[in-house]
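S.K.: Quick one, protein.txt (compact mmCIF, C-alpha atoms and all ligand atoms):
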```txt
# COMPACT_ATOMS: atom_id res chain seq x y z
CA MET A 1 -127.15 136.06 -31.08
CA ASN A 2 -123.69 136.68 -29.61
CA ILE A 3 -120.55 135.32 -31.23
CA ILE A 4 -116.80 135.38 -30.72
CA LEU A 5 -114.35 135.65 -33.63
CA ILE A 6 -111.05 134.11 -32.66
CA GLY A 7 -107.86 133.92 -34.69
CA PRO A 8 -104.31 135.27 -34.95
CA PRO A 9 -103.61 138.90 -35.89
CA GLY A 10 -104.40 139.36 -39.58
CA ALA A 11 -106.90 136.51 -39.73
CA GLY A 12 -109.61 138.95 -40.84
CA LYS A 13 -111.64 139.20 -37.63
CA GLY A 14 -112.17 142.95 -37.91
CA THR A 15 -113.11 142.78 -41.58
CA GLN A 16 -115.66 140.04 -41.04
CA ALA A 17 -117.03 141.75 -37.93
CA LYS A 18 -117.65 144.94 -39.92
CA ARG A 19 -119.51 142.94 -42.57
CA LEU A 20 -121.72 141.35 -39.91
CA VAL A 21 -122.45 144.79 -38.48
CA SER A 22 -123.67 146.14 -41.81
CA GLU A 23 -125.45 142.97 -42.94
CA ARG A 24 -127.03 141.82 -39.68
CA GLY A 25 -127.16 144.88 -37.44
CA MET A 26 -124.89 143.25 -34.90
CA VAL A 27 -122.53 145.28 -32.70
CA GLN A 28 -118.75 144.88 -32.98
CA LEU A 29 -116.94 144.83 -29.64
CA SER A 30 -113.24 145.10 -30.45
CA THR A 31 -111.04 145.55 -27.39
CA GLY A 32 -108.18 146.53 -29.74
CA ASP A 33 -110.29 149.42 -31.12
CA MET A 34 -111.35 150.45 -27.60
CA LEU A 35 -107.72 150.50 -26.44
CA ARG A 36 -106.59 152.46 -29.53
CA ASP A 37 -109.39 155.00 -28.88
CA ALA A 38 -108.23 155.36 -25.27
CA LYS A 39 -104.67 155.87 -26.52
CA THR A 40 -105.73 158.49 -29.08
CA SER A 41 -107.78 160.43 -26.57
CA GLY A 42 -104.86 160.32 -24.14
CA THR A 43 -106.77 158.92 -21.16
CA GLU A 44 -104.78 157.66 -18.17
CA MET A 45 -105.54 154.07 -19.18
CA GLY A 46 -104.64 154.82 -22.81
CA ASN A 47 -101.21 156.10 -21.76
CA LEU A 48 -100.73 153.10 -19.51
CA VAL A 49 -101.28 150.55 -22.30
CA ALA A 50 -99.54 152.38 -25.17
CA ASP A 51 -96.11 150.78 -24.76
CA VAL A 52 -97.49 147.28 -24.13
CA MET A 53 -99.56 147.51 -27.32
CA ALA A 54 -96.68 148.88 -29.38
CA ARG A 55 -94.60 145.85 -28.38
CA GLY A 56 -97.45 143.49 -29.31
CA GLU A 57 -97.93 142.12 -25.80
CA LEU A 58 -101.30 141.65 -24.12
CA VAL A 59 -102.59 144.31 -21.74
CA THR A 60 -103.83 143.13 -18.34
CA ASP A 61 -107.03 141.12 -18.05
CA ASP A 62 -108.60 143.65 -15.62
CA ILE A 63 -108.38 146.47 -18.16
CA VAL A 64 -110.00 144.63 -21.08
CA ILE A 65 -112.62 142.90 -18.91
CA GLY A 66 -113.58 146.35 -17.55
CA LEU A 67 -113.92 147.75 -21.09
CA ILE A 68 -116.14 144.87 -22.20
CA ALA A 69 -118.30 144.99 -19.05
CA GLU A 70 -118.98 148.67 -19.71
CA LYS A 71 -119.98 148.05 -23.35
CA LEU A 72 -122.23 145.11 -22.53
CA ASP A 73 -124.40 147.44 -20.46
CA SER A 74 -125.23 149.48 -23.56
CA LEU A 75 -125.97 146.66 -26.03
CA ASP A 76 -129.75 147.04 -25.89
CA GLY A 77 -130.55 143.57 -27.21
CA ALA A 78 -128.35 143.72 -30.32
CA GLY A 79 -126.18 140.65 -31.00
CA ALA A 80 -122.55 141.16 -30.06
CA ILE A 81 -119.49 140.17 -32.07
CA PHE A 82 -116.54 139.83 -29.74
CA ASP A 83 -113.48 140.66 -31.85
CA GLY A 84 -110.11 140.19 -30.14
CA PHE A 85 -111.74 139.31 -26.81
CA PRO A 86 -111.38 137.03 -24.93
CA ARG A 87 -107.65 136.39 -25.40
CA THR A 88 -106.87 134.52 -22.17
CA LEU A 89 -108.64 131.86 -20.13
CA ALA A 90 -109.26 134.42 -17.35
CA GLN A 91 -110.99 136.69 -19.88
CA ALA A 92 -113.07 133.78 -21.18
CA ASP A 93 -114.23 132.91 -17.64
CA ALA A 94 -115.05 136.56 -16.99
CA LEU A 95 -117.08 136.76 -20.20
CA GLU A 96 -119.05 133.63 -19.28
CA ALA A 97 -119.91 135.21 -15.92
CA LEU A 98 -120.82 138.58 -17.46
CA MET A 99 -123.08 136.98 -20.07
CA ALA A 100 -124.75 134.76 -17.47
CA SER A 101 -125.43 137.79 -15.27
CA LYS A 102 -127.35 139.29 -18.20
CA GLY A 103 -129.25 136.06 -18.90
CA SER A 104 -127.38 135.79 -22.19
CA GLU A 105 -124.77 133.51 -23.72
CA ILE A 106 -122.29 133.01 -26.54
CA ALA A 107 -123.88 131.00 -29.35
CA HIS A 108 -120.83 130.37 -31.56
CA VAL A 109 -117.08 130.74 -31.23
CA ILE A 110 -115.69 130.98 -34.75
CA GLU A 111 -112.03 130.21 -35.23
CA MET A 112 -110.52 131.80 -38.35
CA ARG A 113 -107.56 129.69 -39.46
CA VAL A 114 -104.79 131.31 -41.54
CA ASP A 115 -101.18 130.22 -42.22
CA ASP A 116 -98.46 132.26 -40.48
CA ASP A 117 -96.78 133.25 -43.77
CA ALA A 118 -100.02 134.74 -45.05
CA LEU A 119 -100.46 136.67 -41.79
CA VAL A 120 -97.12 138.43 -42.15
CA ALA A 121 -97.94 139.49 -45.71
CA ARG A 122 -101.42 140.66 -44.74
CA ILE A 123 -100.36 142.63 -41.68
CA THR A 124 -97.32 144.39 -43.04
CA GLY A 125 -99.27 145.83 -46.03
CA ARG A 126 -102.41 146.78 -44.13
CA PHE A 127 -103.83 150.31 -43.89
CA THR A 128 -107.24 151.65 -42.88
CA CYS A 129 -109.49 154.59 -43.61
CA ALA A 130 -109.02 157.04 -40.73
CA ASN A 131 -112.70 157.99 -40.94
CA CYS A 132 -114.64 154.70 -41.16
CA GLY A 133 -112.00 152.04 -40.42
CA GLU A 134 -112.36 150.17 -43.75
CA VAL A 135 -109.31 147.97 -44.22
CA TYR A 136 -107.11 148.06 -47.36
CA HIS A 137 -103.84 146.46 -48.43
CA ASP A 138 -100.86 147.70 -50.43
CA THR A 139 -100.93 144.80 -52.88
CA THR A 140 -104.21 142.93 -52.49
CA ARG A 141 -106.81 145.64 -51.90
CA GLN A 142 -106.23 149.23 -52.89
CA PRO A 143 -109.19 151.67 -52.90
CA LYS A 144 -110.89 151.74 -56.34
CA GLN A 145 -109.92 155.39 -56.68
CA SER A 146 -106.41 155.94 -55.37
CA GLY A 147 -106.40 157.81 -52.03
CA VAL A 148 -110.19 157.75 -51.61
CA CYS A 149 -112.04 155.30 -49.34
CA ASP A 150 -114.54 153.14 -51.27
CA ILE A 151 -116.99 153.21 -48.38
CA CYS A 152 -117.09 156.76 -47.01
CA GLY A 153 -115.05 158.84 -49.45
CA GLY A 154 -112.51 159.67 -46.73
CA THR A 155 -109.05 160.68 -47.91
CA GLU A 156 -106.97 160.02 -44.81
CA PHE A 157 -105.53 156.61 -44.10
CA THR A 158 -103.62 155.24 -41.13
CA ARG A 159 -101.30 152.34 -40.40
CA ARG A 160 -101.24 150.66 -37.00
CA SER A 161 -98.02 151.22 -35.07
CA ASP A 162 -98.00 147.52 -34.08
CA ASP A 163 -98.28 146.28 -37.68
CA THR A 164 -94.50 145.86 -37.91
CA GLU A 165 -92.66 142.55 -38.29
CA ASP A 166 -91.19 142.75 -34.77
CA ALA A 167 -94.47 143.51 -33.02
CA LEU A 168 -96.23 140.95 -35.17
CA ARG A 169 -93.86 138.22 -34.00
CA THR A 170 -94.71 139.08 -30.38
CA ARG A 171 -98.43 139.23 -31.20
CA LEU A 172 -98.28 135.80 -32.83
CA MET A 173 -96.46 134.36 -29.84
CA ALA A 174 -99.09 135.83 -27.52
CA TYR A 175 -101.78 134.26 -29.70
CA TYR A 176 -100.32 130.76 -29.69
CA LYS A 177 -99.32 130.83 -26.02
CA GLN A 178 -102.17 132.71 -24.33
CA THR A 179 -105.14 132.67 -26.71
CA SER A 180 -105.03 129.33 -28.52
CA PRO A 181 -105.89 127.40 -25.31
CA LEU A 182 -109.33 128.99 -25.67
CA LEU A 183 -109.97 126.72 -28.66
CA GLY A 184 -110.00 123.69 -26.35
CA TYR A 185 -112.02 125.62 -23.77
CA TYR A 186 -114.82 126.38 -26.24
CA HIS A 187 -114.56 123.03 -28.00
CA ALA A 188 -115.30 121.38 -24.65
CA LYS A 189 -118.41 123.56 -24.38
CA GLY A 190 -119.53 122.42 -27.87
CA ARG A 191 -119.43 125.95 -29.29
CA LEU A 192 -116.29 125.94 -31.44
CA LYS A 193 -116.64 126.21 -35.24
CA THR A 194 -113.69 126.63 -37.59
CA VAL A 195 -113.58 128.47 -40.91
CA ASP A 196 -110.81 128.49 -43.50
CA GLY A 197 -109.57 132.09 -43.37
CA MET A 198 -107.19 131.66 -46.31
CA GLY A 199 -109.81 132.35 -48.98
CA GLY A 200 -111.07 135.72 -50.16
CA MET A 201 -113.27 137.88 -47.93
CA ASP A 202 -116.48 136.72 -49.63
CA ALA A 203 -115.60 133.05 -49.26
CA VAL A 204 -114.95 133.56 -45.54
CA SER A 205 -118.21 135.54 -45.13
CA THR A 206 -120.13 132.67 -46.72
CA GLN A 207 -118.67 130.16 -44.27
CA ILE A 208 -119.56 132.42 -41.33
CA SER A 209 -123.09 132.98 -42.66
CA ASP A 210 -123.59 129.22 -42.91
CA ILE A 211 -122.64 128.85 -39.25
CA LEU A 212 -124.97 131.65 -38.13
CA THR A 213 -127.97 130.39 -40.08
CA ASN A 214 -127.68 126.69 -39.25
P1 LIG B 1 -106.10 143.91 -31.92
O1 LIG B 1 -106.59 145.17 -32.55
O2 LIG B 1 -107.20 142.99 -31.50
O3 LIG B 1 -105.04 143.22 -32.75
O4 LIG B 1 -105.37 144.35 -30.57
C1 LIG B 1 -104.26 145.23 -30.57
C2 LIG B 1 -103.52 145.14 -29.25
O5 LIG B 1 -104.40 145.54 -28.18
C3 LIG B 1 -103.06 143.74 -28.84
O6 LIG B 1 -101.82 143.40 -29.43
C4 LIG B 1 -102.97 143.90 -27.32
O7 LIG B 1 -101.82 144.66 -26.96
C5 LIG B 1 -104.18 144.75 -27.02
N1 LIG B 1 -105.39 143.93 -26.80
C6 LIG B 1 -106.53 143.93 -27.55
N2 LIG B 1 -107.44 143.08 -27.06
C7 LIG B 1 -106.87 142.52 -25.96
C8 LIG B 1 -107.30 141.54 -25.03
N3 LIG B 1 -108.52 140.96 -25.13
N4 LIG B 1 -106.45 141.20 -24.03
C9 LIG B 1 -105.24 141.77 -23.91
N5 LIG B 1 -104.76 142.70 -24.77
C10 LIG B 1 -105.56 143.07 -25.79
```
Output the file's structure as structure tokens, nothing else.
Ligand code: AMP
M.R.:
Amino acid sequence: MNIILIGPPGAGKGTQAKRLVSERGMVQLSTGDMLRDAKTSGTEMGNLVADVMARGELVTDDIVIGLIAEKLDSLDGAGAIFDGFPRTLAQADALEALMASKGSEIAHVIEMRVDDDALVARITGRFTCANCGEVYHDTTRQPKQSGVCDICGGTEFTRRSDDTEDALRTRLMAYYKQTSPLLGYYHAKGRLKTVDGMGGMDAVSTQISDILTN
């Protein structure tokens, strides 16, 4: 089963996607992670998108559609969780065509709804384990043992360069202007489900599980 998680930055898409990977053996396809990897490895494309990402703007459709097309070829039957893709109507159309060409489809599009004020607080305190990507927060979720990742024992943590208030404002504007029209797009296809993303991680996981099992 393939699903899309859709929501503003800080809604918890990545966190929930990681849970689905470990609980259901699905594969997380995060275009944000793919772009950050390209940036870190210093590829031509990575260098090209670095400034756009730092400002919080969207990179071009061609680049992200190309990244997703490449990954879809190596899925091997596992269910995909699209995390941060599609973000524009052109990307959504491209995904429909790609899935159809593989005789596959998107079963559910899950909107994670969170208030803007909560997003700012979540994003500006967020840090992740540099080894496994587990997400923590300065005030709401510190590792059990200070400086040591609960999941993998890693001791290095990173903060995203676009998790600043300025970049977040641009990212939120991009979400409401370019991505939120997708809610109507998928609603019209009868695939849109909405979860309340304001609760704790477990409460959100339960709502998503209910959607996937019904
Ligand atoms: P994310 O990790 O999903 O918050 O993405 C981080 C940044 O990567 C975004 O602010 C964009 O600059 C870029 N990005 C990720 N996914 C996409 C996408 N589907 N379309 C355009 N830009 C994207």
S.K.: Could you check which of A:Ser209, A:Gly10, A:Arg87, A:Thr164 is closest to Lys177 in chain A, using all atoms listed in the file?
M.R.: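 Closest to Lys177 in chain A of all the choices is A:Arg87.
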S.K.: List the neighbours of range 65-78 of chain A out to 12 Å using all atoms listed in the file; skip same-chain residues closer than 4 positions along the sequence, and give me the result as a PyMOL selection string.
M.R.: chain A and resi 1-3+20-21+24-35+37-38+45-46+59-61+82-105
S.K.: Counting only C-alpha atoms, which residues in range 41-137 of chain A sit no more than 9 Å from range 183-202 of chain A? For each one, give the nearest pair of atoms and the distance in Å, sorted by chain then residue number, as a tab-separated table.
M.R.:
```
residue	atom	partner	partner_atom	distance
A:Leu89	CA	A:Tyr185	CA	8.0
A:Ala92	CA	A:Tyr185	CA	8.6
A:Ile106	CA	A:Arg191	CA	8.1
A:Ala107	CA	A:Arg191	CA	6.7
A:His108	CA	A:Arg191	CA	5.2
A:Val109	CA	A:Leu192	CA	4.9
A:Ile110	CA	A:Lys193	CA	4.9
A:Glu111	CA	A:Thr194	CA	4.6
A:Met112	CA	A:Gly197	CA	5.1
A:Arg113	CA	A:Gly197	CA	5.0
A:Val114	CA	A:Gly197	CA	5.2
A:Asp115	CA	A:Met198	CA	7.4
A:Ala118	CA	A:Met198	CA	7.9
```
S.K.: Separation of CA of Val148 in chain A and CA of Lys39 in chain A, in Å?
M.R.: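 So the answer is 25.8 Å.
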S.K.: Report, in Å with one decimal, the straight-line distance from CA of Ser180 in chain A to CA of Asn214 in chain A.
M.R.: 25.2 Å
